[in-house]
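As stored in upload_35.cif (mmCIF, C-alpha atoms and all ligand atoms):
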data_start
loop_
_atom_site.label_atom_id
_atom_site.label_comp_id
_atom_site.auth_asym_id
_atom_site.auth_seq_id
_atom_site.Cartn_x
_atom_site.Cartn_y
_atom_site.Cartn_z
CA MET A 1 -2.99 -12.79 24.52
CA ARG A 2 -3.56 -10.52 27.53
CA ALA A 3 0.11 -10.46 28.38
CA TYR A 4 0.93 -8.96 25.00
CA GLY A 5 -1.18 -5.78 25.13
CA GLU A 6 -0.25 -3.09 22.61
CA THR A 7 3.10 -3.48 20.82
CA ILE A 8 5.83 -1.13 21.92
CA PHE A 9 6.08 0.24 18.36
CA ALA A 10 2.45 1.29 18.30
CA GLU A 11 2.71 2.77 21.80
CA MET A 12 5.85 4.79 21.11
CA THR A 13 4.70 6.03 17.70
CA ARG A 14 1.43 7.20 19.27
CA LEU A 15 3.33 8.95 22.05
CA ALA A 16 5.68 10.54 19.51
CA THR A 17 2.74 11.82 17.46
CA GLU A 18 0.88 13.16 20.50
CA THR A 19 3.93 15.08 21.70
CA GLY A 20 5.29 16.21 18.33
CA SER A 21 8.46 14.26 19.03
CA VAL A 22 11.18 13.19 16.65
CA ASN A 23 10.29 9.52 16.32
CA LEU A 24 13.40 7.36 16.58
CA GLY A 25 11.28 4.56 18.05
CA GLN A 26 9.56 2.50 15.37
CA GLY A 27 11.99 1.61 12.60
CA PHE A 28 10.77 3.08 9.33
CA PRO A 29 12.60 5.35 6.89
CA ASP A 30 11.42 8.90 6.20
CA THR A 31 12.42 8.80 2.54
CA ASP A 32 10.95 6.65 -0.22
CA GLY A 33 12.30 3.68 -2.09
CA PRO A 34 13.54 3.79 -5.70
CA ARG A 35 11.44 5.86 -8.10
CA SER A 36 11.17 2.99 -10.60
CA LEU A 37 9.58 0.82 -7.91
CA LEU A 38 7.00 3.45 -6.95
CA GLU A 39 6.14 4.16 -10.57
CA ALA A 40 5.82 0.49 -11.49
CA ALA A 41 3.40 -0.13 -8.63
CA SER A 42 1.27 2.89 -9.58
CA ARG A 43 1.28 1.81 -13.22
CA ASN A 44 0.31 -1.75 -12.35
CA ILE A 45 -2.69 -0.52 -10.38
CA LEU A 46 -3.82 1.81 -13.17
CA GLU A 47 -3.33 -0.91 -15.76
CA GLY A 48 -5.57 -3.33 -13.91
CA VAL A 49 -3.33 -5.61 -11.84
CA ASN A 50 -5.93 -5.50 -9.10
CA GLN A 51 -7.27 -8.99 -8.49
CA TYR A 52 -6.00 -11.84 -6.32
CA PRO A 53 -2.50 -12.93 -7.22
CA PRO A 54 -1.80 -16.68 -6.97
CA GLY A 55 -1.72 -17.85 -3.34
CA GLN A 56 2.00 -18.64 -3.43
CA GLY A 57 2.73 -15.25 -5.03
CA ARG A 58 3.27 -13.93 -8.55
CA PRO A 59 5.74 -16.14 -10.46
CA GLU A 60 7.74 -13.04 -11.49
CA LEU A 61 8.48 -12.23 -7.84
CA ARG A 62 9.21 -15.83 -6.84
CA GLN A 63 11.65 -16.04 -9.74
CA ALA A 64 13.31 -12.74 -8.85
CA VAL A 65 13.74 -13.92 -5.23
CA SER A 66 15.19 -17.20 -6.39
CA ARG A 67 17.64 -15.34 -8.67
CA TYR A 68 18.97 -12.97 -6.00
CA ARG A 69 19.37 -15.70 -3.37
CA SER A 70 21.31 -17.73 -5.92
CA ARG A 71 23.44 -14.82 -7.12
CA HIS A 72 24.26 -13.43 -3.67
CA TYR A 73 24.61 -16.55 -1.60
CA GLY A 74 24.66 -19.55 -3.94
CA ILE A 75 21.38 -20.82 -2.46
CA ASP A 76 19.31 -22.61 -5.11
CA LEU A 77 15.57 -22.24 -4.67
CA ASP A 78 12.97 -23.63 -7.04
CA PRO A 79 10.65 -20.63 -7.52
CA ASP A 80 7.64 -22.94 -7.83
CA THR A 81 8.11 -24.85 -4.60
CA ASP A 82 10.76 -23.21 -2.39
CA VAL A 83 9.62 -19.55 -2.40
CA TYR A 84 6.33 -18.32 -1.01
CA ILE A 85 5.12 -14.72 -0.89
CA THR A 86 3.53 -13.40 2.33
CA VAL A 87 2.06 -10.20 3.77
CA GLY A 88 5.40 -8.90 4.99
CA ALA A 89 7.98 -10.91 6.85
CA THR A 90 5.51 -10.70 9.74
CA ALA A 91 3.03 -13.07 8.10
CA GLY A 92 5.93 -15.25 6.99
CA ILE A 93 7.11 -15.51 10.59
CA ALA A 94 3.57 -16.19 11.81
CA ALA A 95 2.80 -18.88 9.23
CA SER A 96 6.21 -20.53 9.64
CA LEU A 97 6.01 -20.76 13.41
CA LEU A 98 2.40 -21.98 13.32
CA ALA A 99 3.37 -24.57 10.70
CA LEU A 100 6.61 -25.84 12.22
CA VAL A 101 6.16 -25.57 15.99
CA GLU A 102 3.89 -28.11 17.70
CA ARG A 103 2.31 -27.76 21.12
CA GLY A 104 5.02 -28.18 23.77
CA ASP A 105 7.92 -27.81 21.34
CA GLU A 106 10.75 -25.61 22.53
CA VAL A 107 12.20 -22.88 20.35
CA ILE A 108 15.61 -21.39 21.12
CA VAL A 109 15.68 -17.65 20.51
CA PHE A 110 18.36 -15.04 21.08
CA GLU A 111 17.26 -12.19 23.32
CA PRO A 112 16.73 -9.30 22.91
CA MET A 113 14.30 -10.48 20.23
CA TYR A 114 11.94 -8.92 17.74
CA ASP A 115 8.54 -8.84 19.38
CA SER A 116 6.51 -11.02 17.03
CA TYR A 117 8.62 -14.13 17.72
CA ALA A 118 7.48 -14.44 21.33
CA ALA A 119 3.83 -13.90 20.48
CA MET A 120 3.83 -16.35 17.59
CA ILE A 121 5.73 -19.08 19.45
CA THR A 122 3.10 -18.75 22.19
CA LEU A 123 0.21 -18.87 19.70
CA ALA A 124 1.74 -22.01 18.19
CA GLY A 125 1.73 -23.58 21.67
CA GLY A 126 5.52 -23.55 21.81
CA VAL A 127 7.86 -22.61 24.64
CA ARG A 128 10.77 -20.16 24.37
CA ARG A 129 14.26 -20.89 25.61
CA SER A 130 16.15 -17.65 25.29
CA VAL A 131 19.90 -17.26 25.02
CA THR A 132 21.07 -13.76 25.89
CA LEU A 133 23.20 -11.63 23.60
CA ARG A 134 25.55 -9.46 25.68
CA PRO A 135 28.24 -6.97 24.72
CA ASP A 136 31.61 -8.68 24.34
CA PRO A 137 33.96 -7.16 26.95
CA VAL A 138 36.66 -6.57 24.33
CA THR A 139 34.86 -5.67 21.09
CA GLY A 140 31.61 -4.33 22.57
CA ARG A 141 29.48 -6.15 19.99
CA PHE A 142 26.51 -8.15 21.26
CA THR A 143 27.20 -11.86 21.03
CA PHE A 144 26.30 -15.14 22.74
CA ASP A 145 28.17 -17.71 24.76
CA PRO A 146 28.19 -20.98 22.75
CA ASP A 147 27.95 -22.92 26.03
CA GLU A 148 24.72 -21.11 26.89
CA LEU A 149 23.37 -22.05 23.49
CA ARG A 150 24.24 -25.70 24.03
CA ALA A 151 22.75 -25.64 27.51
CA ALA A 152 19.44 -24.37 26.10
CA VAL A 153 18.92 -27.55 24.06
CA GLY A 154 16.66 -30.15 25.65
CA PRO A 155 14.61 -33.18 24.61
CA ARG A 156 11.71 -31.00 23.44
CA THR A 157 13.79 -28.54 21.40
CA ARG A 158 12.42 -28.25 17.88
CA MET A 159 13.94 -25.13 16.39
CA VAL A 160 16.54 -22.38 16.69
CA LEU A 161 15.36 -18.94 15.58
CA VAL A 162 18.07 -16.63 14.26
CA ASN A 163 17.78 -12.99 13.24
CA SER A 164 20.84 -11.53 11.55
CA PRO A 165 21.50 -8.67 10.99
CA HIS A 166 19.92 -8.46 14.41
CA ASN A 167 17.15 -6.14 15.59
CA PRO A 168 17.64 -4.48 18.07
CA THR A 169 21.38 -4.98 18.82
CA GLY A 170 22.72 -4.37 15.29
CA THR A 171 24.91 -7.47 15.46
CA VAL A 172 25.68 -9.28 12.20
CA PHE A 173 26.49 -12.86 13.10
CA THR A 174 29.93 -14.00 11.95
CA ALA A 175 30.70 -17.30 10.20
CA GLU A 176 31.98 -18.60 13.51
CA GLU A 177 28.82 -17.69 15.41
CA LEU A 178 26.65 -19.20 12.70
CA GLU A 179 28.73 -22.36 12.77
CA HIS A 180 28.06 -22.73 16.51
CA ILE A 181 24.34 -22.53 15.75
CA ALA A 182 24.57 -24.88 12.77
CA ALA A 183 26.52 -27.44 14.78
CA VAL A 184 23.81 -27.49 17.45
CA CYS A 185 21.11 -27.89 14.79
CA ARG A 186 22.94 -30.76 13.10
CA GLU A 187 23.81 -32.58 16.31
CA HIS A 188 20.28 -32.41 17.71
CA ASP A 189 18.45 -32.60 14.39
CA LEU A 190 16.75 -29.22 14.87
CA LEU A 191 15.01 -26.94 12.41
CA ALA A 192 16.32 -23.41 11.95
CA PHE A 193 14.27 -20.35 11.19
CA THR A 194 16.12 -17.27 9.99
CA ASP A 195 14.78 -13.73 9.82
CA GLU A 196 16.93 -11.93 7.26
CA VAL A 197 14.91 -8.77 6.66
CA TYR A 198 18.05 -6.65 7.13
CA GLU A 199 20.14 -8.85 4.81
CA PHE A 200 21.27 -5.88 2.68
CA LEU A 201 21.95 -3.62 5.64
CA ALA A 202 25.23 -5.05 6.94
CA PHE A 203 27.77 -2.22 7.20
CA ASP A 204 31.51 -1.65 6.83
CA GLY A 205 31.88 -4.28 4.11
CA ARG A 206 30.75 -7.04 6.44
CA PRO A 207 29.04 -9.92 4.64
CA HIS A 208 25.58 -11.15 5.57
CA MET A 209 25.74 -14.92 5.62
CA PRO A 210 22.51 -16.93 5.52
CA LEU A 211 22.56 -19.86 7.96
CA ALA A 212 21.22 -22.05 5.13
CA THR A 213 24.60 -21.80 3.37
CA LEU A 214 26.37 -23.74 6.13
CA PRO A 215 26.92 -27.48 5.73
CA GLY A 216 23.87 -29.58 6.54
CA MET A 217 21.61 -26.54 7.01
CA ARG A 218 19.87 -26.06 3.67
CA GLU A 219 17.38 -28.90 4.22
CA ARG A 220 16.46 -27.82 7.75
CA THR A 221 16.24 -24.04 7.40
CA VAL A 222 13.28 -21.81 6.60
CA SER A 223 14.10 -18.13 6.00
CA VAL A 224 12.15 -14.91 5.62
CA SER A 225 13.00 -11.58 4.11
CA SER A 226 10.89 -8.73 2.81
CA VAL A 227 10.68 -5.64 0.66
CA GLY A 228 10.25 -3.25 3.61
CA LYS A 229 13.94 -2.90 4.47
CA MET A 230 15.26 -3.92 1.06
CA PHE A 231 13.65 -0.91 -0.66
CA ALA A 232 12.65 1.37 2.23
CA VAL A 233 8.92 0.76 1.76
CA THR A 234 7.96 -0.70 5.12
CA GLY A 235 4.26 -0.04 4.49
CA TRP A 236 4.19 -2.34 1.48
CA LYS A 237 4.11 -5.43 3.69
CA THR A 238 5.33 -7.94 1.14
CA GLY A 239 7.75 -10.66 2.17
CA TRP A 240 8.97 -14.07 1.14
CA VAL A 241 9.47 -17.40 2.88
CA MET A 242 12.26 -19.55 1.48
CA GLY A 243 13.36 -23.10 2.17
CA PRO A 244 13.11 -26.73 1.18
CA GLU A 245 9.87 -27.79 -0.44
CA PRO A 246 8.40 -29.93 2.40
CA LEU A 247 8.85 -27.15 4.96
CA VAL A 248 7.62 -24.38 2.65
CA THR A 249 4.60 -26.53 1.80
CA ALA A 250 3.71 -26.65 5.50
CA VAL A 251 4.05 -22.86 5.73
CA ARG A 252 1.91 -22.44 2.64
CA THR A 253 -0.77 -24.70 4.08
CA VAL A 254 -1.06 -22.46 7.12
CA ASN A 255 -0.80 -19.17 5.27
CA GLN A 256 -3.59 -19.94 2.83
CA PHE A 257 -5.94 -19.57 5.80
CA LEU A 258 -4.20 -16.54 7.31
CA THR A 259 -4.06 -14.18 4.35
CA PHE A 260 -4.31 -16.45 1.28
CA SER A 261 -2.29 -14.03 -0.87
CA ALA A 262 -0.53 -10.66 -0.76
CA GLY A 263 -0.81 -7.40 -2.81
CA GLY A 264 -0.47 -8.36 -6.48
CA ALA A 265 0.32 -4.96 -8.03
CA LEU A 266 3.17 -4.52 -5.56
CA GLN A 267 4.59 -7.99 -6.22
CA LEU A 268 5.17 -7.28 -9.91
CA ALA A 269 6.86 -3.97 -9.16
CA ILE A 270 9.07 -5.56 -6.50
CA ALA A 271 10.13 -8.30 -8.91
CA ASP A 272 11.44 -5.66 -11.34
CA ALA A 273 13.22 -3.74 -8.61
CA ILE A 274 14.91 -6.89 -7.31
CA ASP A 275 16.28 -7.51 -10.79
CA ASN A 276 17.31 -3.93 -11.53
CA GLU A 277 17.91 -1.78 -8.47
CA TRP A 278 21.18 -3.13 -7.00
CA GLU A 279 22.88 0.23 -7.17
CA TRP A 280 20.05 1.74 -5.15
CA ILE A 281 20.39 -1.02 -2.54
CA ALA A 282 24.14 -0.42 -2.20
CA ALA A 283 23.68 3.35 -1.99
CA GLN A 284 20.99 2.93 0.65
CA ARG A 285 23.28 0.72 2.72
CA ASP A 286 26.09 3.26 2.51
CA ALA A 287 23.76 6.10 3.41
CA LEU A 288 22.47 4.20 6.45
CA GLN A 289 26.01 3.43 7.54
CA GLY A 290 26.67 7.18 7.55
CA LYS A 291 23.47 7.76 9.53
CA ARG A 292 24.53 5.17 12.07
CA ASP A 293 27.79 7.07 12.55
CA ARG A 294 25.98 10.40 12.75
CA LEU A 295 23.48 9.32 15.39
CA ALA A 296 26.01 7.24 17.34
CA ALA A 297 28.36 10.23 17.57
CA GLY A 298 25.52 12.53 18.66
CA LEU A 299 24.27 10.10 21.30
CA ALA A 300 27.80 9.60 22.61
CA GLU A 301 28.22 13.35 22.92
CA THR A 302 24.98 13.54 24.88
CA GLY A 303 26.51 11.07 27.33
CA PHE A 304 24.99 7.73 26.35
CA ASP A 305 27.22 4.69 26.15
CA VAL A 306 26.52 3.72 22.53
CA GLY A 307 26.60 0.07 21.46
CA VAL A 308 28.45 -1.41 18.50
CA CYS A 309 26.13 -1.53 15.47
CA GLU A 310 27.15 -3.63 12.47
CA GLY A 311 23.87 -3.46 10.54
CA THR A 312 20.06 -2.83 10.58
CA TYR A 313 18.29 0.48 11.33
CA PHE A 314 19.10 0.50 15.05
CA VAL A 315 21.67 1.38 17.64
CA MET A 316 21.49 0.55 21.33
CA ALA A 317 22.37 3.13 23.97
CA ASP A 318 23.08 2.53 27.65
CA ILE A 319 21.49 5.19 29.88
CA ARG A 320 23.52 4.47 33.01
CA PRO A 321 26.29 7.01 32.29
CA LEU A 322 23.52 9.65 32.36
CA GLY A 323 22.58 8.55 35.86
CA TYR A 324 19.45 6.55 34.97
CA GLU A 325 18.58 2.89 35.50
CA SER A 326 15.19 2.21 33.92
CA GLY A 327 14.96 2.39 30.13
CA VAL A 328 11.19 1.94 30.32
CA ASP A 329 10.82 5.03 32.54
CA ILE A 330 13.14 7.10 30.35
CA ALA A 331 11.46 5.98 27.09
CA ARG A 332 8.06 6.98 28.53
CA ALA A 333 9.42 10.34 29.75
CA LEU A 334 11.58 11.32 26.76
CA PRO A 335 8.80 12.30 24.33
CA ARG A 336 7.30 14.80 26.79
CA GLU A 337 10.55 15.97 28.36
CA ALA A 338 12.87 16.00 25.37
CA GLY A 339 10.64 15.70 22.30
CA VAL A 340 12.34 12.49 21.17
CA ALA A 341 10.94 8.94 21.07
CA ALA A 342 13.02 5.77 21.45
CA VAL A 343 12.15 2.19 22.37
CA PRO A 344 13.08 0.63 25.72
CA ALA A 345 15.02 -2.51 24.84
CA GLN A 346 13.76 -4.29 27.95
CA VAL A 347 10.57 -5.26 26.11
CA PHE A 348 12.63 -7.47 23.80
CA TYR A 349 13.94 -9.65 26.64
CA ASP A 350 12.64 -12.70 28.49
CA HIS A 351 15.06 -11.71 31.25
CA PRO A 352 14.16 -8.01 31.53
CA LYS A 353 17.05 -7.16 33.89
CA GLU A 354 19.45 -7.88 31.02
CA GLY A 355 18.12 -4.98 28.96
CA GLU A 356 16.74 -2.70 31.64
CA HIS A 357 19.26 0.07 31.00
CA LEU A 358 19.12 0.08 27.21
CA LEU A 359 17.26 2.25 24.72
CA ARG A 360 16.98 1.43 21.03
CA PHE A 361 17.25 4.38 18.64
CA ALA A 362 16.39 4.13 14.93
CA PHE A 363 18.73 6.00 12.59
CA CYS A 364 16.84 5.39 9.32
CA LYS A 365 15.94 9.10 9.12
CA ARG A 366 17.05 12.16 7.19
CA ASP A 367 20.24 13.72 8.55
CA GLU A 368 18.46 16.88 9.68
CA VAL A 369 15.99 14.75 11.66
CA LEU A 370 18.83 12.91 13.39
CA ASP A 371 20.54 16.22 14.14
CA GLU A 372 17.33 17.66 15.57
CA ALA A 373 16.93 14.60 17.82
CA VAL A 374 20.48 14.95 19.10
CA SER A 375 20.13 18.68 19.75
CA ARG A 376 16.88 18.04 21.68
CA LEU A 377 18.54 15.28 23.71
CA THR A 378 21.50 17.56 24.45
CA ALA A 379 19.16 20.32 25.62
CA TRP A 380 17.23 17.81 27.76
CA HIS A 381 20.27 16.49 29.46
N1 LIG B 1 11.66 -9.01 11.43
C1 LIG B 1 12.39 -8.02 11.94
C2 LIG B 1 13.66 -8.33 12.65
C3 LIG B 1 11.94 -6.70 11.83
O1 LIG B 1 12.66 -5.70 12.34
C4 LIG B 1 10.72 -6.44 11.17
C5 LIG B 1 10.20 -5.05 11.08
N2 LIG B 1 10.35 -4.60 9.81
C6 LIG B 1 10.01 -7.52 10.62
C7 LIG B 1 10.50 -8.78 10.78
C8 LIG B 1 8.71 -7.33 9.92
O2 LIG B 1 8.89 -7.13 8.56
P1 LIG B 1 7.66 -6.77 7.61
O3 LIG B 1 7.42 -5.31 7.75
O4 LIG B 1 8.11 -7.16 6.26
O5 LIG B 1 6.49 -7.56 8.06
N1 LIG B 2 10.57 -3.50 12.46
C1 LIG B 2 10.28 -2.20 12.96
C2 LIG B 2 10.92 -2.04 14.33
O1 LIG B 2 11.51 -2.96 14.82
C3 LIG B 2 8.79 -1.93 13.07
C4 LIG B 2 8.01 -3.02 13.68
C5 LIG B 2 6.56 -2.77 13.83
O2 LIG B 2 6.06 -1.66 13.66
N2 LIG B 2 5.86 -3.80 14.14
O3 LIG B 2 10.83 -0.98 14.88
#
Show me the file's structure as structure tokens.
Ligand code: PMP
Ligand code: GLN
Amino acid sequence: MRAYGETIFAEMTRLATETGSVNLGQGFPDTDGPRSLLEAASRNILEGVNQYPPGQGRPELRQAVSRYRSRHYGIDLDPDTDVYITVGATAGIAASLLALVERGDEVIVFEPMYDSYAAMITLAGGVRRSVTLRPDPVTGRFTFDPDELRAAVGPRTRMVLVNSPHNPTGTVFTAEELEHIAAVCREHDLLAFTDEVYEFLAFDGRPHMPLATLPGMRERTVSVSSVGKMFAVTGWKTGWVMGPEPLVTAVRTVNQFLTFSAGGALQLAIADAIDNEWEWIAAQRDALQGKRDRLAAGLAETGFDVGVCEGTYFVMADIRPLGYESGVDIARALPREAGVAAVPAQVFYDHPKEGEHLLRFAFCKRDEVLDEAVSRLTAWH
């Protein structure tokens, strides 16, 4: 694991704290989730829901997950066999990749990619084949070339890993893009793994479409989501793995030795919120859409070339119009020089040149915090 060192999120948050910077690096909100959720969790703890929950998760939460996936997407999941609760999406990703990737298997991933994928594919003994997302010359949104995707498939390919809405580019894959991926999976009999933690943070009325809803994909797709982004409680680390029973059974077999089970008092509270807090989820999405616009406008005024963001907590900004080349150098300098922390996107790439000039800014912050960051950046530049 030497190559992995400290994660960029830990490094940048430490730097932000040391320098008193506005932290737009690590993606976590600075306001809490719905009151009913917080109260239910506190109540559960005080009322004695404090021992191990069942390994696969509390039935109430598995049922609530099954209900929302059915209602929103028409995906039918048996809560007893097709839904499995984990310590955040992170443990779901870890257990799924350890369960489904064998030594020497190749996994196709889209770069830039969330950092835990690379580490977990390596720990599973797998090999990454990355397909680069680049800004479309016309629309500006990050997308892939379907020919590059096809060219990445080889005799050892086992899985395609898809994250949409996508961290860090903010792209929400369209039906057409997903169909390219599905076609490759069907033709080559591949598994798909989908990270949907930002499923309710697709903006401007754009739908989030799970890959599992495409023809021939349900039986070959394992998906994760989690409460962190759904209800703005990233520290609660409770997620769910979803998919067909044989694949979820494999994930469960691995996870029983990783964490065995996940916070029981939280699970009950989350189950209630999933059933009852849809207005909060919609309001949160709309608020974040406004924050995206606010930060994007501020960054553009400062001189960054701001990327198209269709969802998530993040917007990408190109530093070249400001006269810089290295995002890593700027991200390390910004906290001390400007009092703002961001993440250099280069760390999310297998081909670092592709993202050398990009910074990722998180906009999941109160408006006054975003404004303060922009005014500091303006003063710096
Ligand atoms: N996947 C992506 C794309 C993420 O951005 C994050 C960070 N929240 C995670 C997974 C991890 O989620 P969790 O906090 O539920 O482990
Ligand atoms: N998902 C968040 C991000 O991308 C935080 C990840 C983390 O702290 N590991 O910034």
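Here CA of Ala10 in chain A is placed at a distance of 14.0 Å from atom C3 of ligand LIG 1 (chain B).
Restricting the atom set to only C-alpha atoms and all ligand atoms, one finds that the residues within 8 Å of ligand LIG 2 (chain B) amount to Thr7, Phe9, Ala10, Gly25, Gln26, Gly27, Phe28, Tyr114, Asp115, Ser116, Asn167, Pro168 and Ala362 of chain A.
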Would you mind listing the residues within 9 Å of ligand LIG 1 (chain B), counting only C-alpha atoms and all ligand atoms, as a PyMOL selection string? chain A and resi 26-28+86-93+113-117+163-168+195-198+224-229+233-240+312-313
Tell me which protein, DNA and RNA residues are within 9 Å of Met12 in chain A, counting all atoms listed in the file, leaving out same-chain ones fewer than 6 positions away, and put them as a ChimeraX atom specification. /A:23,25-26,331-332,335,341-343
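Among the candidate residues A:Leu266, A:Ala250, A:Cys364, A:Leu334, the one lying nearest to Thr81 in chain A is A:Ala250, with distances computed using all atoms listed in the file.
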Which is closest to Phe200 in chain A among A:Ala283, A:Ala41, A:Leu322, A:Val101, if we use all atoms listed in the file?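 Closest to Phe200 in chain A of all the choices is A:Ala283.
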Any chance you could work out the axis-aligned box around range 105-122 of chain A, listed atoms only, 3 Å on each side, giving centre and edge lengths in Å to one decimal, as JSON?
{"center_x": 10.7, "center_y": -18.3, "center_z": 20.2, "size_x": 21.3, "size_y": 25.0, "size_z": 12.3}
Find the nearest atom pair between each residue of range 169-234 of chain A and range 244-247 of chain A for residues within 12 Å, count only C-alpha atoms, give distances in Å to one decimal, sort rows by chain and ascending number, and present the table as JSON lines.
{"residue": "A:Leu191", "atom": "CA", "partner": "A:Leu247", "partner_atom": "CA", "distance": 9.7}
{"residue": "A:Ala192", "atom": "CA", "partner": "A:Leu247", "partner_atom": "CA", "distance": 10.9}
{"residue": "A:Phe193", "atom": "CA", "partner": "A:Leu247", "partner_atom": "CA", "distance": 10.7}
{"residue": "A:Ala212", "atom": "CA", "partner": "A:Pro244", "partner_atom": "CA", "distance": 10.2}
{"residue": "A:Met217", "atom": "CA", "partner": "A:Pro244", "partner_atom": "CA", "distance": 10.3}
{"residue": "A:Arg218", "atom": "CA", "partner": "A:Pro244", "partner_atom": "CA", "distance": 7.2}
{"residue": "A:Glu219", "atom": "CA", "partner": "A:Pro244", "partner_atom": "CA", "distance": 5.7}
{"residue": "A:Arg220", "atom": "CA", "partner": "A:Pro244", "partner_atom": "CA", "distance": 7.5}
{"residue": "A:Thr221", "atom": "CA", "partner": "A:Pro244", "partner_atom": "CA", "distance": 7.5}
{"residue": "A:Val222", "atom": "CA", "partner": "A:Leu247", "partner_atom": "CA", "distance": 7.1}
{"residue": "A:Ser223", "atom": "CA", "partner": "A:Pro244", "partner_atom": "CA", "distance": 9.9}
Using only C-alpha atoms, find each residue of range 319-365 of chain A with at least one atom at most 12 Å away from an atom of range 133-148 of chain A; report its shortest atom-to-atom pair and that distance in Å (one decimal), sort the rows by chain and rising residue number, and return the result as a Markdown table.
| residue | atom | partner | partner_atom | distance |
| --- | --- | --- | --- | --- |
| A:Phe348 | CA | A:Leu133 | CA | 11.4 |
| A:Tyr349 | CA | A:Leu133 | CA | 9.9 |
| A:Asp350 | CA | A:Leu133 | CA | 11.7 |
| A:His351 | CA | A:Leu133 | CA | 11.2 |
| A:Glu354 | CA | A:Arg134 | CA | 8.3 |
| A:Gly355 | CA | A:Arg134 | CA | 9.3 |
| A:Leu358 | CA | A:Arg134 | CA | 11.6 |
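Among the candidate residues A:Gly20, A:Gly311, A:Gly339, A:Gly126, the one lying nearest to Asp204 in chain A is A:Gly311, with distances computed using all atoms listed in the file.
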Within 12 Å of Asp275 in chain A, counting only C-alpha atoms, which residues qualify if same-chain residues fewer than 3 places away don't, as a list in words?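 These residues fall inside the cut-off: Ser36, Leu37, Glu60, Leu61, Arg62, Gln63, Ala64, Val65, Ser66, Arg67, Tyr68, Arg69, Arg71, Leu268, Ala269, Ile270, Ala271, Asp272, Trp278, Glu279, Trp280 and Ile281 of chain A.
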Interatomic distance (Å, one decimal) between CA of Asp318 in chain A and CA of Leu201 in chain A: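 Computing the Euclidean distance for CA of Asp318 in chain A and CA of Leu201 in chain A yields 22.9 Å.
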Closest to Ser21 in chain A among A:Asp371, A:Glu337, A:Glu179, A:Glu102, using only C-alpha atoms?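 For Ser21 in chain A, the nearest of the candidates is A:Glu337.
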Suppose you want the space between CA of Asp105 in chain A and CA of Val153 in chain A; what is it in Å?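 So the answer is 11.3 Å.
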Considering all atoms listed in the file, state which residue in the set A:Thr31, A:Thr157, A:Phe231, A:Ala40 is at the smallest distance from Glu277 in chain A. A:Phe231
With only C-alpha atoms as the atoms that count, which of A:Leu211, A:Phe203, A:Ala317, A:Leu370 lies nearest to Glu176 in chain A? A:Leu211
Range 257-279 of chain A from the block above: C-alpha atoms written as a short mmCIF file (atom, residue, chain, number, x, y, z; two decimals), in the first residue's frame:
data_model
loop_
_atom_site.label_atom_id
_atom_site.label_comp_id
_atom_site.auth_asym_id
_atom_site.auth_seq_id
_atom_site.Cartn_x
_atom_site.Cartn_y
_atom_site.Cartn_z
CA PHE A 257 -15.22 -10.36 8.12
CA LEU A 258 -14.58 -6.69 7.38
CA THR A 259 -17.06 -4.99 9.68
CA PHE A 260 -19.74 -7.64 10.33
CA SER A 261 -22.45 -5.00 10.84
CA ALA A 262 -23.01 -1.24 10.88
CA GLY A 263 -24.45 1.24 13.47
CA GLY A 264 -27.86 -0.08 14.51
CA ALA A 265 -29.38 3.04 16.09
CA LEU A 266 -28.61 4.99 12.93
CA GLN A 267 -30.11 2.34 10.65
CA LEU A 268 -33.55 2.60 12.25
CA ALA A 269 -33.53 6.39 12.02
CA ILE A 270 -32.41 6.29 8.39
CA ALA A 271 -35.19 3.86 7.51
CA ASP A 272 -37.78 6.36 8.79
CA ALA A 273 -36.17 9.26 6.96
CA ILE A 274 -36.07 7.33 3.69
CA ASP A 275 -39.80 6.75 4.00
CA ASN A 276 -40.73 10.27 5.10
CA GLU A 277 -38.23 12.94 4.13
CA TRP A 278 -38.65 13.30 0.34
CA GLU A 279 -39.43 16.98 0.56
#
